[in-house]
$ cat data_18.cif   # mmCIF, C-alpha atoms
data_target
#
loop_
_atom_site.group_PDB
_atom_site.id
_atom_site.type_symbol
_atom_site.label_atom_id
_atom_site.label_comp_id
_atom_site.auth_asym_id
_atom_site.auth_seq_id
_atom_site.Cartn_x
_atom_site.Cartn_y
_atom_site.Cartn_z
ATOM 1 C CA MET A 219 101.467 224.553 139.652
ATOM 2 C CA LYS A 220 100.713 221.801 137.161
ATOM 3 C CA THR A 221 104.261 220.417 137.367
ATOM 4 C CA GLN A 222 104.050 220.196 141.155
ATOM 5 C CA THR A 223 100.798 218.223 140.885
ATOM 6 C CA TYR A 224 102.379 215.723 138.471
ATOM 7 C CA ILE A 225 105.410 215.299 140.707
ATOM 8 C CA PHE A 226 103.164 214.744 143.729
ATOM 9 C CA LEU A 227 101.098 212.136 141.858
ATOM 10 C CA LEU A 228 104.203 210.361 140.608
ATOM 11 C CA LEU A 229 105.744 210.220 144.075
ATOM 12 C CA SER A 230 102.431 209.009 145.535
ATOM 13 C CA LEU A 231 102.251 206.185 143.025
ATOM 14 C CA LEU A 232 105.833 205.166 143.666
ATOM 15 C CA THR A 233 105.359 205.276 147.423
ATOM 16 C CA PHE A 234 101.936 203.672 147.753
ATOM 17 C CA GLY A 235 101.588 201.742 144.507
ATOM 18 C CA CYS A 236 103.497 198.722 145.733
ATOM 19 C CA GLY A 237 101.645 198.040 148.961
ATOM 20 C CA GLY A 238 101.943 194.618 150.565
ATOM 21 C CA VAL A 239 105.435 193.948 149.263
ATOM 22 C CA GLN A 240 108.791 194.597 150.918
ATOM 23 C CA TYR A 241 111.687 195.557 148.657
ATOM 24 C CA SER A 242 115.328 195.454 149.638
ATOM 25 C CA PHE A 243 118.708 196.394 148.221
ATOM 26 C CA THR A 244 119.349 192.722 147.392
ATOM 27 C CA GLY A 245 116.555 192.763 144.821
ATOM 28 C CA THR A 246 114.084 190.716 146.808
ATOM 29 C CA SER A 247 110.382 191.358 146.791
ATOM 30 C CA ILE A 248 108.818 189.589 149.762
ATOM 31 C CA ALA A 249 105.132 189.883 150.562
ATOM 32 C CA ASP A 250 104.304 191.385 153.954
ATOM 33 C CA ASN A 251 102.672 188.133 155.072
ATOM 34 C CA ILE A 252 105.947 186.191 154.637
ATOM 35 C CA LYS A 253 107.833 186.235 157.938
ATOM 36 C CA THR A 254 109.662 182.903 158.234
ATOM 37 C CA PHE A 255 111.588 180.413 156.153
ATOM 38 C CA GLN A 256 112.693 176.863 156.742
ATOM 39 C CA VAL A 257 115.590 174.973 155.150
ATOM 40 C CA ASN A 258 115.271 171.233 155.590
ATOM 41 C CA TYR A 259 118.409 169.105 155.575
ATOM 42 C CA PHE A 260 119.718 168.477 152.040
ATOM 43 C CA GLN A 261 120.756 164.823 152.102
ATOM 44 C CA ASN A 262 123.586 163.683 149.843
ATOM 45 C CA THR A 263 122.249 160.943 147.554
ATOM 46 C CA ALA A 264 125.055 161.241 144.992
ATOM 47 C CA ASN A 265 127.208 158.239 144.053
ATOM 48 C CA LEU A 266 130.242 159.932 145.606
ATOM 49 C CA ILE A 267 129.619 160.982 149.220
ATOM 50 C CA GLU A 268 131.722 163.822 150.599
ATOM 51 C CA PRO A 269 131.416 163.817 154.417
ATOM 52 C CA GLY A 270 129.883 167.037 155.752
ATOM 53 C CA PHE A 271 129.070 168.447 152.318
ATOM 54 C CA ASP A 272 125.321 168.078 152.862
ATOM 55 C CA ARG A 273 125.437 169.810 156.264
ATOM 56 C CA ASP A 274 127.639 172.608 154.931
ATOM 57 C CA PHE A 275 125.348 173.223 151.953
ATOM 58 C CA THR A 276 122.246 173.353 154.169
ATOM 59 C CA LEU A 277 123.944 175.897 156.449
ATOM 60 C CA ALA A 278 125.183 177.960 153.472
ATOM 61 C CA LEU A 279 121.635 178.286 152.114
ATOM 62 C CA GLN A 280 120.291 179.246 155.546
ATOM 63 C CA ASP A 281 123.047 181.842 156.022
ATOM 64 C CA LEU A 282 122.461 183.443 152.626
ATOM 65 C CA ILE A 283 118.732 183.901 153.230
ATOM 66 C CA VAL A 284 119.269 185.201 156.778
ATOM 67 C CA ASN A 285 121.899 187.687 155.568
ATOM 68 C CA GLN A 286 119.982 188.955 152.522
ATOM 69 C CA THR A 287 116.438 189.188 153.920
ATOM 70 C CA ASN A 288 114.650 190.097 157.117
ATOM 71 C CA LEU A 289 112.992 186.662 157.299
ATOM 72 C CA ASN A 290 113.346 184.566 160.435
ATOM 73 C CA LEU A 291 114.729 181.035 160.247
ATOM 74 C CA THR A 292 112.458 178.386 161.745
ATOM 75 C CA THR A 293 112.638 174.606 162.018
ATOM 76 C CA SER A 294 108.960 173.937 161.253
ATOM 77 C CA ASN A 295 105.926 175.529 159.610
ATOM 78 C CA GLY A 296 107.925 178.121 157.674
ATOM 79 C CA ASP A 297 106.104 180.428 155.287
ATOM 80 C CA LEU A 298 108.753 179.429 152.749
ATOM 81 C CA VAL A 299 110.247 175.938 152.748
ATOM 82 C CA TYR A 300 113.373 174.743 150.954
ATOM 83 C CA GLU A 301 114.150 171.040 150.724
ATOM 84 C CA GLY A 302 115.850 168.618 148.407
ATOM 85 C CA GLU A 303 118.909 166.503 147.941
ATOM 86 C CA ILE A 304 122.408 166.596 146.518
ATOM 87 C CA THR A 305 122.099 164.381 143.459
ATOM 88 C CA GLU A 306 125.577 164.769 141.980
ATOM 89 C CA TYR A 307 129.033 165.193 143.454
ATOM 90 C CA ARG A 308 131.395 164.117 140.700
ATOM 91 C CA ILE A 309 135.036 164.604 139.809
ATOM 92 C CA SER A 310 135.885 164.103 136.154
ATOM 93 C CA PRO A 311 138.668 165.055 133.739
ATOM 94 C CA THR A 312 137.839 167.968 131.441
ATOM 95 C CA THR A 313 140.959 168.091 129.263
ATOM 96 C CA ALA A 314 143.547 165.439 128.512
ATOM 97 C CA GLN A 315 147.252 165.576 127.826
ATOM 98 C CA ALA A 316 149.189 163.568 125.246
ATOM 99 C CA ASN A 317 150.093 160.857 127.794
ATOM 100 C CA ASN A 318 146.396 160.104 128.596
ATOM 101 C CA THR A 319 146.428 161.965 131.901
ATOM 102 C CA ALA A 320 144.086 164.759 132.871
ATOM 103 C CA ALA A 321 145.369 168.289 132.357
ATOM 104 C CA GLN A 322 142.393 169.612 134.267
ATOM 105 C CA ASN A 323 139.726 168.092 136.496
ATOM 106 C CA ARG A 324 136.250 169.345 137.313
ATOM 107 C CA LEU A 325 134.209 168.944 140.482
ATOM 108 C CA SER A 326 130.529 169.092 139.466
ATOM 109 C CA VAL A 327 127.696 169.428 141.961
ATOM 110 C CA THR A 328 123.961 169.234 141.249
ATOM 111 C CA ILE A 329 121.310 169.912 143.860
ATOM 112 C CA ASN A 330 117.625 169.168 143.412
ATOM 113 C CA VAL A 331 115.523 171.803 145.205
ATOM 114 C CA ARG A 332 111.847 171.754 146.094
ATOM 115 C CA PHE A 333 110.518 175.179 147.057
ATOM 116 C CA PHE A 334 107.182 175.686 148.819
ATOM 117 C CA ASP A 335 105.450 179.005 149.463
ATOM 118 C CA LYS A 336 102.591 178.701 151.960
ATOM 119 C CA ASN A 337 100.935 181.899 150.713
ATOM 120 C CA GLU A 338 101.644 181.651 146.966
ATOM 121 C CA PRO A 339 101.347 178.006 145.824
ATOM 122 C CA ASP A 340 101.743 179.105 142.184
ATOM 123 C CA GLU A 341 105.352 180.070 142.970
ATOM 124 C CA GLU A 342 106.301 176.553 144.130
ATOM 125 C CA PHE A 343 108.668 174.448 142.037
ATOM 126 C CA GLU A 344 111.118 171.577 141.878
ATOM 127 C CA ARG A 345 114.308 172.394 139.981
ATOM 128 C CA ARG A 346 117.938 171.330 139.691
ATOM 129 C CA PHE A 347 120.770 173.782 140.300
ATOM 130 C CA SER A 348 124.373 172.969 139.452
ATOM 131 C CA PHE A 349 127.827 174.455 139.296
ATOM 132 C CA PHE A 350 131.420 173.285 138.981
ATOM 133 C CA TYR A 351 134.969 174.005 140.068
ATOM 134 C CA ASP A 352 137.982 173.331 137.809
ATOM 135 C CA TYR A 353 141.446 172.516 139.123
ATOM 136 C CA GLY A 354 144.736 171.155 137.819
ATOM 137 C CA GLY A 355 144.874 167.528 136.763
ATOM 138 C CA SER A 356 148.030 166.871 138.761
ATOM 139 C CA GLN A 357 146.441 168.210 141.981
ATOM 140 C CA LEU A 358 144.380 166.353 144.526
ATOM 141 C CA LEU A 359 141.230 168.055 145.691
ATOM 142 C CA GLN A 360 141.927 168.204 149.403
ATOM 143 C CA GLY A 361 142.476 170.600 152.293
ATOM 144 C CA ALA A 362 142.252 174.307 151.570
ATOM 145 C CA GLN A 363 141.652 173.749 147.867
ATOM 146 C CA LYS A 364 138.657 171.498 148.594
ATOM 147 C CA ASP A 365 137.306 174.118 151.012
ATOM 148 C CA ALA A 366 137.703 176.809 148.343
ATOM 149 C CA ALA A 367 135.984 174.604 145.758
ATOM 150 C CA HIS A 368 133.048 173.924 148.063
ATOM 151 C CA GLU A 369 132.762 177.588 149.023
ATOM 152 C CA GLU A 370 132.697 178.709 145.381
ATOM 153 C CA ILE A 371 130.092 176.085 144.480
ATOM 154 C CA PHE A 372 127.951 176.937 147.533
ATOM 155 C CA GLU A 373 128.125 180.646 146.746
ATOM 156 C CA ARG A 374 126.933 180.162 143.186
ATOM 157 C CA ILE A 375 124.220 177.558 143.797
ATOM 158 C CA THR A 376 122.755 179.250 146.889
ATOM 159 C CA GLN A 377 122.636 182.590 145.044
ATOM 160 C CA ASP A 378 120.900 180.906 142.083
ATOM 161 C CA ILE A 379 118.331 179.376 144.464
ATOM 162 C CA PHE A 380 117.846 182.747 146.182
ATOM 163 C CA ASN A 381 117.360 184.476 142.828
ATOM 164 C CA ALA A 382 114.832 181.869 141.659
ATOM 165 C CA THR A 383 112.775 181.992 144.853
ATOM 166 C CA LEU A 384 113.043 185.470 146.340
ATOM 167 C CA ALA A 385 114.436 187.757 143.656
ATOM 168 C CA LYS A 386 112.337 186.053 140.926
ATOM 169 C CA TRP A 387 115.207 186.146 138.410
#
$ encode --input "data_18.cif" --output "structure tokens"
Amino acid sequence: MKTQTYIFLLLSLLTFGCGGVQYSFTGTSIADNIKTFQVNYFQNTANLIEPGFDRDFTLALQDLIVNQTNLNLTTSNGDLVYEGEITEYRISPTTAQANNTAAQNRLSVTINVRFFDKNEPDEEFERRFSFFYDYGGSQLLQGAQKDAAHEEIFERITQDIFNATLAKW
């Protein structure tokens, strides 16, 4: 009888001990009073401007949050607000060959993010997130390879932003 009581108490604590917070399989813990999010346009202020990169990044962040939470996307007055700018879009050589040509190039992207939480102002921050994509020095970053590079960078940076804001990693 004593064992059954302990099991009941343990299950009660697990079930009711975390009231007011929604948990999901993606590792998010979102308070019940958070229903909407807003992603403002991330303008490209980098020295090198890649047409459409800013729009594509903004959409990638929106898509990730929509797909991994039950929050609704809004264009104004979101409970959570993401904004910022693309501060770096740079291609540089990472390794050189004997004839002073690049053996490998790197596309580096840095995005400055400001995060606002209407209900938890202590959780707000401004932080830079960055990632890179390496490719052969004799190749031009264009077409399908450029799309793959952007997709890989978006995937990593948006997941890092998600983890910092909703998964609290």
$ residues_around --input "data_18.cif" --residues "Ile375 in chain A" --least-positions-apart "2" --cutoff "7 Å" --atoms "all atoms listed in the file" --output "ChimeraX atom specification"
/A:347-349,371-373,377-379
$ atom_distance --input "data_18.cif" --atom1 "CA of Phe275 in chain A" --atom2 "CA of Asn337 in chain A"
25.9 Å
$ resolve_selection --input "data_18.cif" --expression "the PyMOL selection byres ((chain A and resi 358) around 12)" --output "list in words"
Ile309, Ala320, Gln322, Asn323, Arg324, Leu325, Asp352, Tyr353, Gly354, Gly355, Ser356, Gln357, Leu359, Gln360, Gly361, Ala362, Gln363, Lys364 and Ala367 of chain A
$ resolve_selection --input "data_18.cif" --expression "the PyMOL selection byres ((chain A and resi 282) around 12)" --output "list in words"
Thr244, Phe255, Val257, Phe275, Thr276, Leu277, Ala278, Leu279, Gln280, Asp281, Ile283, Val284, Asn285, Gln286, Thr287, Asn288, Leu289, Leu291, Phe372, Glu373, Arg374, Ile375, Thr376, Gln377, Asp378, Ile379, Phe380, Asn381 and Leu384 of chain A
$ closest_residue --input "data_18.cif" --among "A:Val299, A:Ala366, A:Ile248, A:Ile304" --to "Arg273 in chain A" --atoms "all atoms listed in the file"
A:Ile304
$ closest_residue --input "data_18.cif" --among "A:Phe343, A:Lys386, A:Asp297, A:Thr263" --to "Asp250 in chain A" --atoms "all atoms listed in the file"
A:Asp297
$ axis_aligned_box --input "data_18.cif" --around "range 364-374 of chain A" --padding-each-side "5 Å" --output "AutoDock Vina command-line options"
--center_x 132.8 --center_y 176.1 --center_z 147.1 --size_x 21.7 --size_y 19.1 --size_z 17.8
$ decode --input "data_18.cif" --residues "range 259-298 of chain A" --atoms "N, CA and C atoms" --output "PDB file, in the first residue's frame"
ATOM      1  N   TYR A 259      11.362  41.967 -40.311  1.00  0.00           N
ATOM      2  CA  TYR A 259      12.277  41.796 -41.442  1.00  0.00           C
ATOM      3  C   TYR A 259      13.724  42.022 -41.010  1.00  0.00           C
ATOM      4  N   PHE A 260      14.594  41.070 -41.308  1.00  0.00           N
ATOM      5  CA  PHE A 260      16.018  41.164 -40.989  1.00  0.00           C
ATOM      6  C   PHE A 260      16.731  41.801 -42.178  1.00  0.00           C
ATOM      7  N   GLN A 261      17.012  43.074 -42.077  1.00  0.00           N
ATOM      8  CA  GLN A 261      17.648  43.807 -43.177  1.00  0.00           C
ATOM      9  C   GLN A 261      19.123  43.437 -43.272  1.00  0.00           C
ATOM     10  N   ASN A 262      19.624  43.374 -44.507  1.00  0.00           N
ATOM     11  CA  ASN A 262      21.028  43.065 -44.739  1.00  0.00           C
ATOM     12  C   ASN A 262      21.825  44.362 -44.724  1.00  0.00           C
ATOM     13  N   THR A 263      22.638  44.550 -43.677  1.00  0.00           N
ATOM     14  CA  THR A 263      23.490  45.728 -43.563  1.00  0.00           C
ATOM     15  C   THR A 263      24.960  45.372 -43.753  1.00  0.00           C
ATOM     16  N   ALA A 264      25.227  44.165 -44.220  1.00  0.00           N
ATOM     17  CA  ALA A 264      26.608  43.716 -44.434  1.00  0.00           C
ATOM     18  C   ALA A 264      27.232  44.481 -45.602  1.00  0.00           C
ATOM     19  N   ASN A 265      28.562  44.450 -45.679  1.00  0.00           N
ATOM     20  CA  ASN A 265      29.270  45.103 -46.781  1.00  0.00           C
ATOM     21  C   ASN A 265      28.947  44.451 -48.118  1.00  0.00           C
ATOM     22  N   LEU A 266      28.779  43.138 -48.113  1.00  0.00           N
ATOM     23  CA  LEU A 266      28.433  42.402 -49.326  1.00  0.00           C
ATOM     24  C   LEU A 266      26.945  42.060 -49.251  1.00  0.00           C
ATOM     25  N   ILE A 267      26.171  42.565 -50.202  1.00  0.00           N
ATOM     26  CA  ILE A 267      24.722  42.348 -50.208  1.00  0.00           C
ATOM     27  C   ILE A 267      24.390  41.224 -51.184  1.00  0.00           C
ATOM     28  N   GLU A 268      23.762  40.194 -50.679  1.00  0.00           N
ATOM     29  CA  GLU A 268      23.285  39.089 -51.512  1.00  0.00           C
ATOM     30  C   GLU A 268      21.785  39.269 -51.694  1.00  0.00           C
ATOM     31  N   PRO A 269      21.321  39.555 -52.916  1.00  0.00           N
ATOM     32  CA  PRO A 269      19.891  39.818 -53.130  1.00  0.00           C
ATOM     33  C   PRO A 269      19.015  38.655 -52.648  1.00  0.00           C
ATOM     34  N   GLY A 270      17.998  38.984 -51.870  1.00  0.00           N
ATOM     35  CA  GLY A 270      17.034  38.000 -51.387  1.00  0.00           C
ATOM     36  C   GLY A 270      17.458  37.267 -50.129  1.00  0.00           C
ATOM     37  N   PHE A 271      18.707  37.387 -49.733  1.00  0.00           N
ATOM     38  CA  PHE A 271      19.189  36.666 -48.555  1.00  0.00           C
ATOM     39  C   PHE A 271      18.434  37.091 -47.303  1.00  0.00           C
ATOM     40  N   ASP A 272      18.193  38.385 -47.159  1.00  0.00           N
ATOM     41  CA  ASP A 272      17.490  38.896 -45.981  1.00  0.00           C
ATOM     42  C   ASP A 272      16.056  38.374 -45.924  1.00  0.00           C
ATOM     43  N   ARG A 273      15.367  38.385 -47.036  1.00  0.00           N
ATOM     44  CA  ARG A 273      13.987  37.863 -47.097  1.00  0.00           C
ATOM     45  C   ARG A 273      13.970  36.370 -46.773  1.00  0.00           C
ATOM     46  N   ASP A 274      14.895  35.626 -47.382  1.00  0.00           N
ATOM     47  CA  ASP A 274      14.934  34.182 -47.174  1.00  0.00           C
ATOM     48  C   ASP A 274      15.246  33.825 -45.721  1.00  0.00           C
ATOM     49  N   PHE A 275      16.143  34.595 -45.083  1.00  0.00           N
ATOM     50  CA  PHE A 275      16.443  34.322 -43.681  1.00  0.00           C
ATOM     51  C   PHE A 275      15.223  34.588 -42.805  1.00  0.00           C
ATOM     52  N   THR A 276      14.559  35.711 -43.031  1.00  0.00           N
ATOM     53  CA  THR A 276      13.363  36.060 -42.251  1.00  0.00           C
ATOM     54  C   THR A 276      12.322  34.950 -42.361  1.00  0.00           C
ATOM     55  N   LEU A 277      12.086  34.468 -43.567  1.00  0.00           N
ATOM     56  CA  LEU A 277      11.109  33.387 -43.779  1.00  0.00           C
ATOM     57  C   LEU A 277      11.565  32.082 -43.125  1.00  0.00           C
ATOM     58  N   ALA A 278      12.865  31.789 -43.172  1.00  0.00           N
ATOM     59  CA  ALA A 278      13.383  30.560 -42.560  1.00  0.00           C
ATOM     60  C   ALA A 278      13.166  30.570 -41.050  1.00  0.00           C
ATOM     61  N   LEU A 279      13.372  31.716 -40.413  1.00  0.00           N
ATOM     62  CA  LEU A 279      13.145  31.807 -38.965  1.00  0.00           C
ATOM     63  C   LEU A 279      11.658  31.656 -38.645  1.00  0.00           C
ATOM     64  N   GLN A 280      10.809  32.303 -39.419  1.00  0.00           N
ATOM     65  CA  GLN A 280       9.361  32.155 -39.219  1.00  0.00           C
ATOM     66  C   GLN A 280       8.938  30.699 -39.369  1.00  0.00           C
ATOM     67  N   ASP A 281       9.402  30.044 -40.426  1.00  0.00           N
ATOM     68  CA  ASP A 281       9.026  28.650 -40.689  1.00  0.00           C
ATOM     69  C   ASP A 281       9.464  27.722 -39.564  1.00  0.00           C
ATOM     70  N   LEU A 282      10.669  27.916 -39.052  1.00  0.00           N
ATOM     71  CA  LEU A 282      11.163  27.048 -37.987  1.00  0.00           C
ATOM     72  C   LEU A 282      10.277  27.164 -36.747  1.00  0.00           C
ATOM     73  N   ILE A 283       9.935  28.377 -36.360  1.00  0.00           N
ATOM     74  CA  ILE A 283       9.123  28.566 -35.154  1.00  0.00           C
ATOM     75  C   ILE A 283       7.708  28.026 -35.366  1.00  0.00           C
ATOM     76  N   VAL A 284       7.132  28.258 -36.534  1.00  0.00           N
ATOM     77  CA  VAL A 284       5.801  27.721 -36.834  1.00  0.00           C
ATOM     78  C   VAL A 284       5.815  26.199 -36.773  1.00  0.00           C
ATOM     79  N   ASN A 285       6.849  25.578 -37.341  1.00  0.00           N
ATOM     80  CA  ASN A 285       6.910  24.117 -37.423  1.00  0.00           C
ATOM     81  C   ASN A 285       7.260  23.441 -36.104  1.00  0.00           C
ATOM     82  N   GLN A 286       7.933  24.146 -35.191  1.00  0.00           N
ATOM     83  CA  GLN A 286       8.380  23.504 -33.956  1.00  0.00           C
ATOM     84  C   GLN A 286       7.608  23.944 -32.711  1.00  0.00           C
ATOM     85  N   THR A 287       6.628  24.827 -32.879  1.00  0.00           N
ATOM     86  CA  THR A 287       5.807  25.245 -31.740  1.00  0.00           C
ATOM     87  C   THR A 287       4.345  25.300 -32.169  1.00  0.00           C
ATOM     88  N   ASN A 288       3.494  25.601 -31.225  1.00  0.00           N
ATOM     89  CA  ASN A 288       2.082  25.818 -31.546  1.00  0.00           C
ATOM     90  C   ASN A 288       1.748  27.306 -31.506  1.00  0.00           C
ATOM     91  N   LEU A 289       2.760  28.161 -31.575  1.00  0.00           N
ATOM     92  CA  LEU A 289       2.549  29.608 -31.573  1.00  0.00           C
ATOM     93  C   LEU A 289       2.040  30.069 -32.932  1.00  0.00           C
ATOM     94  N   ASN A 290       1.261  31.141 -32.920  1.00  0.00           N
ATOM     95  CA  ASN A 290       0.729  31.710 -34.146  1.00  0.00           C
ATOM     96  C   ASN A 290       1.578  32.891 -34.585  1.00  0.00           C
ATOM     97  N   LEU A 291       1.892  32.944 -35.863  1.00  0.00           N
ATOM     98  CA  LEU A 291       2.656  34.041 -36.442  1.00  0.00           C
ATOM     99  C   LEU A 291       1.746  35.249 -36.594  1.00  0.00           C
ATOM    100  N   THR A 292       2.235  36.407 -36.185  1.00  0.00           N
ATOM    101  CA  THR A 292       1.488  37.653 -36.337  1.00  0.00           C
ATOM    102  C   THR A 292       2.426  38.723 -36.890  1.00  0.00           C
ATOM    103  N   THR A 293       1.841  39.781 -37.431  1.00  0.00           N
ATOM    104  CA  THR A 293       2.670  40.856 -37.992  1.00  0.00           C
ATOM    105  C   THR A 293       2.822  42.033 -37.038  1.00  0.00           C
ATOM    106  N   SER A 294       2.089  42.031 -35.925  1.00  0.00           N
ATOM    107  CA  SER A 294       2.230  43.111 -34.945  1.00  0.00           C
ATOM    108  C   SER A 294       1.785  42.633 -33.571  1.00  0.00           C
ATOM    109  N   ASN A 295       2.334  43.257 -32.551  1.00  0.00           N
ATOM    110  CA  ASN A 295       1.972  42.976 -31.156  1.00  0.00           C
ATOM    111  C   ASN A 295       2.137  41.517 -30.756  1.00  0.00           C
ATOM    112  N   GLY A 296       3.179  40.861 -31.236  1.00  0.00           N
ATOM    113  CA  GLY A 296       3.437  39.480 -30.854  1.00  0.00           C
ATOM    114  C   GLY A 296       3.861  39.381 -29.401  1.00  0.00           C
ATOM    115  N   ASP A 297       3.535  38.265 -28.774  1.00  0.00           N
ATOM    116  CA  ASP A 297       4.004  38.026 -27.404  1.00  0.00           C
ATOM    117  C   ASP A 297       5.524  37.902 -27.390  1.00  0.00           C
ATOM    118  N   LEU A 298       6.063  37.307 -28.439  1.00  0.00           N
ATOM    119  CA  LEU A 298       7.508  37.209 -28.635  1.00  0.00           C
ATOM    120  C   LEU A 298       7.845  37.939 -29.926  1.00  0.00           C
TER     121      LEU A 298
END
